[in-house]
Amino acid sequence: MTGKPITGTGDNNTPYETDDAFLDRSALARQVVKDTINKVLLGAVLILVLALPAVITSPTWLHIIVLIFFYAYLTTSWNMVGGFAGVLPLGHAVFLGIGAYTSTVLSLQYGISPWLGMFVGGILAVAAGMVIGLPTLKMRGAYFALATIAFAEGVRVMVENIEYLGPFKLNGPRGLQIPPLNIGWGDFMFSSKVPYYYIILVMLLIILFLTWAVSRSKLGYYLTAGGEEPEAAQALGVNVSRAKVIAMALSCFFTALAGTFYAQFSLFIHPKSTISLDISFEIAFIALIGGRGSIAGPVLGALLLRPVSDLSRIYFGDILPGMHLVIYGVVLILVMIYQPRGLQEPLTRIYDRVVNRMAAGFIKGGDK
Amino acid sequence: MIYLIEDTINGILMGSIYGLTALGLTIIFGVLKVVNFAHGTLLMVSMYAAYWTVSLSGLHPYLALVIVVPVMYVFGYYLQDIVIKPIFKAEKDVREPSTVIIVTTGVWYVLDNLTLMVFGPQYRSLPDNPLQGKMIELGEMFISVPKLWGAITAVATAYAVYYFFQKTRTGRAIRACSLDRDAASLSGINQYKIYNMAFGLGTAVTGIAAVTLVPFYNTFPSVGVLFDIKGFIIVVLGGLGSIPGAIIGGIIVGIIESVGPQFMTATWTEAIVYGLFLLVLFVKPSGLFGVKYDW
C-alpha cells in the first residue's frame, strides 16, 4: 500500500476503485486501514520483545519471561495436534524428555553440539510419536488421552530405572548434569540469560509462523474438518488419519527441540523434571485456557498463566503450597464453562472492536 | 514356590481393592461416556473423610461407611450438577465430550491442592485400628487381614452395583440413559438427573473403596494420583464401562504388582503395567469385557 490516505468518498486514484456497484468502498478502505493498524501493532510488539532484555536486566524476571516464551512455544507445538486435530494429547512431556536426553547424551558422551543433537532428538521424538500415534490417533476422545498419559508415564518409569541404555548413560533417577565448561554459541551454553531469551524468542516466532502457515494450508483445513466432523470429512474424501499423523509428527518434532533448549537452559535434567505429568498437563491447560486451535491462544495462555505460577511460587510457595495449581484449576473450570473456545475469543473480539474504532477514527480524520 | 502363591493371593486381594477404586470410574464412564480425571481426587477426598471419621470417633474403620458413603454420594451428585452439567449441556451432541475431561482435570487440581493447603503434606495413617497389621497364617503363608476384608467388600460392592443396574427401576433408567441419551429422554427419563445420580453413585462406590483403604494405607493429598492412573489402566484393561471388567482388571494389575518383584526390581513392574495397558489399547481397545461400540 502506498502511504496516501484512502478515503471512503471515492478517489479515482485508489487502486481499489472498480465499477462494481456491490463493492462497498468505505468498508474496503476501512479494511485497508485496519490491516495497516494490525501490521503497525505487530511491528511494535516485535520491536518491544526484541528490545526487552535491554530494559529488563534482572535475571529473575528474564528467567520468568524466558519460561513464558518456552511454554508458549511448547503449547504452540502441542496445539498442532491438540488444537487443530481435535484430539487431546496429555503426555507431551515425553517428547520434551526425548529431546532433552538425546542432545544431552550426545553432547556429554560424544561431544556433539547440542544444535545437532536437537534435530536428532526431534527425529527420535517423531519416531516415538508414531509408535503411540499410529495405533491410537484414529481412536476417539478419551482413549487417545489415556494412551498418551500411559506412554509418557511408562517412558518416565523406564528412564528412572535405566542407568545405561546400551552405550548411552541415562543415569536413572539422578539425571544428567551438564558441566558449564564450554561457553559459547557452538555449545549452546551461555553465562547470561540474554542469549537464551533470543533463542527461545526466535524459536517461538518460527513455530508461530509455521502454525499460521499450517492453518492456511490444505493440511490445516483437513485437520479442522477432521477434528470437528470426522465422519463428514471422511465422506468427502479427506484422509483424516493421515492428516492427524502428520500433525502429530510435526508436534513431536518441535516439542523435542524445546527439550534441548530446556536442557541447555537449566543444565540439569532428570526424569521427573522433563517427562513429568505436571508439564504435560500444564501445556494442555495453557492451550485450553488460551484457546486451543487458535494461533494466539497458546501465547495468550502462557502470558496469563505462567506469571501466576512463577509469582505465586515465589511469594506464596512457603505458606500456601500448590496455590498456583488451585488458581489454574479454578480458571480452567470457569473458562471451560463460560468461554469454551478459550480466552482468545473475547480478547480477539475486544481487540477487533478497538482496531475498528481506530480505523473509523483514521478515516474520519482523512475526510477532514 | 510358597512365596509365589502367597504373593499371588495378596496380589489378588490388593487387586480387588484396586478394582473397587476403579469401579466408580467405570460406572461414571458407562453412563456419562466421560473419563473422570478427578476420580483419584474423589478417592482422596473420601479417604480424608474416612480418616477423620475413624480417628475422631475411634470406631471400627468399616463403620465409617455409614458416614462416608452418603457424604460422598451427595458430594458427587452436586459436583456433577454444578460443575460438569453446564458443559454437558453445551456439548449435548458429542458422544464423548472432551471438554468434560478437561474440567474434571481442573477439579482434580483444585481439590488436590486445596487439600494440600488445608491439611498439609503429612502422611496420615490410623495407627491403632483393629485391622492394622493383622495377618492370617495359612501354613507358611501370611495373608493380610485388612486386604482380605477389602477384597470381600470389593466383590460384594460389585455384585450390589450390578444387581442395582439390572433389577431396580432406577438402575434400568440409568442403563437406558447410557445406551441412548435421546431415546431415554423421550421416554420420560430426566437425563441430567440420571447423570447426577450416576456420578453420585460412582463417587459413593469410591467412598467404599476409601474405607477399605484407610486401615492400611496412608492418606495424603496426592494419594489420588497413584490410583487415578492405575484406575485408567484397570478400566481400559477390563473394558471401559464394564463392572466385572473393573474388578478383573484390578486383579490383573494387583497380581503383576505383587508377583513381579519376585523376578525383577519392584519399580520395573510399573513399567510392565503401562506396557500391558498400551498393548491392550493397541490390540483390543474395548478391553476384556467392554462393548465394541464404546471406542
# chains A, B, ... in the order shown; residues from 1 in each chain; ligands from 1
$ closest_atom_pairs --of "chain A" --to "chain B" --cutoff "7 Å" --atoms "only C-alpha atoms" --output "CSV"
residue,atom,partner,partner_atom,distance
A:Pro135,CA,B:Phe282,CA,5.9
A:Met139,CA,B:Trp295,CA,6.5
A:Arg140,CA,B:Trp295,CA,6.0
A:Gly141,CA,B:Ser98,CA,6.1
A:Ala142,CA,B:Val35,CA,6.5
A:Ala147,CA,B:Leu278,CA,6.5
A:Ala150,CA,B:Tyr274,CA,5.8
A:Gly154,CA,B:Ala271,CA,5.1
A:Val157,CA,B:Ala271,CA,5.8
A:Met158,CA,B:Ala271,CA,6.3
A:Leu320,CA,B:Met117,CA,5.7
A:Pro321,CA,B:Met117,CA,6.2
A:Gly322,CA,B:Asn113,CA,5.1
A:Met323,CA,B:Asn113,CA,6.9
A:Leu325,CA,B:Tyr109,CA,6.0
A:Val326,CA,B:Val110,CA,4.4
A:Gly329,CA,B:Gly106,CA,4.1
A:Val330,CA,B:Val110,CA,6.5
A:Leu332,CA,B:Gly106,CA,5.9
A:Ile333,CA,B:Val103,CA,5.3
A:Met336,CA,B:Val103,CA,6.8
A:Ile337,CA,B:Ile87,CA,5.9
$ write_last_selection --atoms "N, CA and C atoms" --output "tab-separated table (two decimals), in the first residue's frame"
chain	number	residue	atom	x	y	z
A	135	PRO	N	-1.32	-46.22	16.19
A	135	PRO	CA	-2.46	-47.06	16.59
A	135	PRO	C	-3.58	-46.28	17.28
A	139	MET	N	-8.50	-43.46	17.24
A	139	MET	CA	-9.48	-43.73	18.29
A	139	MET	C	-10.12	-42.44	18.75
A	140	ARG	N	-11.22	-42.63	19.48
A	140	ARG	CA	-11.98	-41.46	19.87
A	140	ARG	C	-11.54	-40.92	21.21
A	141	GLY	N	-11.76	-39.65	21.36
A	141	GLY	CA	-11.64	-38.90	22.61
A	141	GLY	C	-10.71	-39.46	23.65
A	142	ALA	N	-11.31	-40.07	24.65
A	142	ALA	CA	-10.59	-40.39	25.86
A	142	ALA	C	-9.46	-41.38	25.64
A	147	ALA	N	-3.95	-43.11	26.36
A	147	ALA	CA	-2.78	-43.77	25.79
A	147	ALA	C	-1.55	-42.87	25.91
A	150	ALA	N	-0.35	-42.88	29.50
A	150	ALA	CA	0.31	-44.14	29.86
A	150	ALA	C	1.67	-44.25	29.19
A	154	GLY	N	4.98	-44.48	31.30
A	154	GLY	CA	5.77	-45.69	31.10
A	154	GLY	C	7.22	-45.35	30.77
A	157	VAL	N	9.01	-44.06	33.88
A	157	VAL	CA	9.40	-45.15	34.79
A	157	VAL	C	10.62	-45.87	34.24
A	158	MET	N	10.64	-46.08	32.93
A	158	MET	CA	11.77	-46.78	32.34
A	158	MET	C	13.05	-45.97	32.48
A	320	LEU	N	1.53	-21.20	51.24
A	320	LEU	CA	0.43	-21.88	50.56
A	320	LEU	C	0.96	-22.70	49.39
A	321	PRO	N	1.50	-23.88	49.67
A	321	PRO	CA	1.99	-24.69	48.56
A	321	PRO	C	0.83	-25.11	47.68
A	322	GLY	N	1.07	-25.14	46.38
A	322	GLY	CA	0.01	-25.59	45.48
A	322	GLY	C	-1.01	-24.52	45.15
A	323	MET	N	-0.77	-23.30	45.64
A	323	MET	CA	-1.68	-22.19	45.38
A	323	MET	C	-1.89	-21.98	43.88
A	325	LEU	N	-1.66	-23.98	41.48
A	325	LEU	CA	-2.42	-25.04	40.82
A	325	LEU	C	-3.91	-24.91	41.11
A	326	VAL	N	-4.24	-24.41	42.31
A	326	VAL	CA	-5.65	-24.14	42.60
A	326	VAL	C	-6.15	-23.05	41.65
A	329	GLY	N	-6.62	-24.48	38.23
A	329	GLY	CA	-7.81	-25.33	38.16
A	329	GLY	C	-9.08	-24.51	38.09
A	330	VAL	N	-9.17	-23.50	38.97
A	330	VAL	CA	-10.38	-22.68	39.01
A	330	VAL	C	-10.54	-21.93	37.69
A	332	LEU	N	-9.36	-22.73	34.84
A	332	LEU	CA	-9.67	-23.71	33.81
A	332	LEU	C	-11.17	-24.04	33.80
A	333	ILE	N	-11.70	-24.33	34.99
A	333	ILE	CA	-13.12	-24.70	35.06
A	333	ILE	C	-13.99	-23.54	34.59
A	336	MET	N	-13.73	-23.03	30.84
A	336	MET	CA	-14.40	-24.10	30.09
A	336	MET	C	-15.91	-23.94	30.14
A	337	ILE	N	-16.42	-23.44	31.28
A	337	ILE	CA	-17.86	-23.27	31.38
A	337	ILE	C	-18.33	-22.04	30.60
$ select_by_dssp --residues "range 124-245 of chain A" --states "alpha helix (DSSP H)" --output "number ranges by chain"
A: 124-136, 141-161, 194-216, 218-228, 230-235, 240-245
$ residues_around --residues "Ile208 in chain B" --least-positions-apart "2" --cutoff "10 Å" --atoms "only C-alpha atoms" --output "list in words"
Ile17, Leu20, Thr21, Gly24, Leu43, Ser46, Met47, Ala50, Tyr62, Ala64, Leu65, Val66, Val68, Val69, Met72, Gly150, Thr153, Ala154, Thr157, Thr203, Ala204, Val205, Thr206, Ala210, Val211, Thr212 and Leu213 of chain B
$ residues_around --residues "Tyr77 in chain B" --least-positions-apart "2" --cutoff "7 Å" --atoms "only C-alpha atoms" --output "list in words"
Tyr73, Val74, Phe75, Leu79, Gln80, Asp81, Asn196, Met197, Phe199 and Gly200 of chain B
$ write_last_selection --atoms "N, CA and C atoms" --output "mmCIF file, in the first residue's frame"
data_model
loop_
_atom_site.group_PDB
_atom_site.id
_atom_site.type_symbol
_atom_site.label_atom_id
_atom_site.label_comp_id
_atom_site.auth_asym_id
_atom_site.auth_seq_id
_atom_site.Cartn_x
_atom_site.Cartn_y
_atom_site.Cartn_z
ATOM 1 N N TYR B 73 -21.834 -39.587 48.191
ATOM 2 C CA TYR B 73 -22.901 -39.570 47.185
ATOM 3 C C TYR B 73 -23.349 -38.132 46.937
ATOM 4 N N VAL B 74 -23.596 -37.417 48.019
ATOM 5 C CA VAL B 74 -24.046 -36.029 47.894
ATOM 6 C C VAL B 74 -22.964 -35.184 47.222
ATOM 7 N N PHE B 75 -21.727 -35.421 47.623
ATOM 8 C CA PHE B 75 -20.604 -34.673 47.041
ATOM 9 C C PHE B 75 -20.551 -34.877 45.521
ATOM 10 N N LEU B 79 -21.288 -32.179 42.622
ATOM 11 C CA LEU B 79 -20.139 -31.855 41.766
ATOM 12 C C LEU B 79 -20.574 -31.932 40.305
ATOM 13 N N GLN B 80 -21.271 -33.009 39.973
ATOM 14 C CA GLN B 80 -21.754 -33.171 38.607
ATOM 15 C C GLN B 80 -22.778 -32.087 38.284
ATOM 16 N N ASP B 81 -23.687 -31.831 39.242
ATOM 17 C CA ASP B 81 -24.768 -30.896 38.988
ATOM 18 C C ASP B 81 -24.249 -29.480 38.750
ATOM 19 N N ASN B 196 -26.529 -37.003 37.324
ATOM 20 C CA ASN B 196 -26.155 -36.643 38.691
ATOM 21 C C ASN B 196 -26.122 -37.878 39.576
ATOM 22 N N MET B 197 -27.167 -38.721 39.402
ATOM 23 C CA MET B 197 -27.236 -39.911 40.253
ATOM 24 C C MET B 197 -26.095 -40.869 39.945
ATOM 25 N N PHE B 199 -23.186 -40.136 38.747
ATOM 26 C CA PHE B 199 -21.944 -39.564 39.275
ATOM 27 C C PHE B 199 -21.893 -39.740 40.790
ATOM 28 N N GLY B 200 -23.044 -39.496 41.435
ATOM 29 C CA GLY B 200 -23.101 -39.683 42.881
ATOM 30 C C GLY B 200 -22.828 -41.130 43.253
#
$ select_by_dssp --residues "range 118-212 of chain A" --states "strand (DSSP E)" --output "PyMOL selection string"
chain A and resi 164-165+168-169+176-177
$ write_last_selection --atoms "C-alpha atoms" --output "compact mmCIF listing (two decimals), in the first residue's frame"
# COMPACT_ATOMS: atom_id res chain seq x y z
CA TYR A 164 22.75 -47.37 30.76
CA LEU A 165 20.65 -47.74 27.63
CA PHE A 168 24.20 -44.34 26.41
CA LYS A 169 24.38 -43.25 30.01
CA LEU A 176 22.26 -35.77 33.92
CA GLN A 177 24.21 -32.69 34.82
$ residues_around --residues "Gly58 in chain B" --least-positions-apart "6" --cutoff "10 Å" --atoms "only C-alpha atoms" --output "PyMOL selection string"
chain B and resi 52+64+126+128-129
$ residues_around --residues "Met44 in chain B" --least-positions-apart "6" --cutoff "7 Å" --atoms "only C-alpha atoms" --output "PyMOL selection string"
chain B and resi 221+223-224
$ write_last_selection --atoms "C-alpha atoms" --output "short mmCIF file (atom, residue, chain, number, x, y, z; two decimals), in the first residue's frame"
data_model
loop_
_atom_site.label_atom_id
_atom_site.label_comp_id
_atom_site.auth_asym_id
_atom_site.auth_seq_id
_atom_site.Cartn_x
_atom_site.Cartn_y
_atom_site.Cartn_z
CA PRO B 221 -3.09 -35.02 49.37
CA VAL B 223 -2.72 -40.21 47.07
CA GLY B 224 -5.37 -39.89 44.37
#
$ closest_residue --among "B:Gly133, B:Gly238, B:Gly231, B:Pro215" --to "Val54 in chain B" --atoms "only C-alpha atoms"
B:Pro215
$ residues_around --residues "Thr255 in chain A" --least-positions-apart "2" --cutoff "8 Å" --atoms "only C-alpha atoms" --output "MDAnalysis selection string"
chainID A and resid 74 77:78 92 95:96 99 122 251:253 257:259
$ atom_distance --atom1 "CA of Val194 in chain A" --atom2 "CA of Asn182 in chain A"
17.1 Å
$ closest_residue --among "A:Leu106, A:Ile68, A:Ala54, A:Leu41" --to "Leu304 in chain A" --atoms "only C-alpha atoms"
A:Ile68
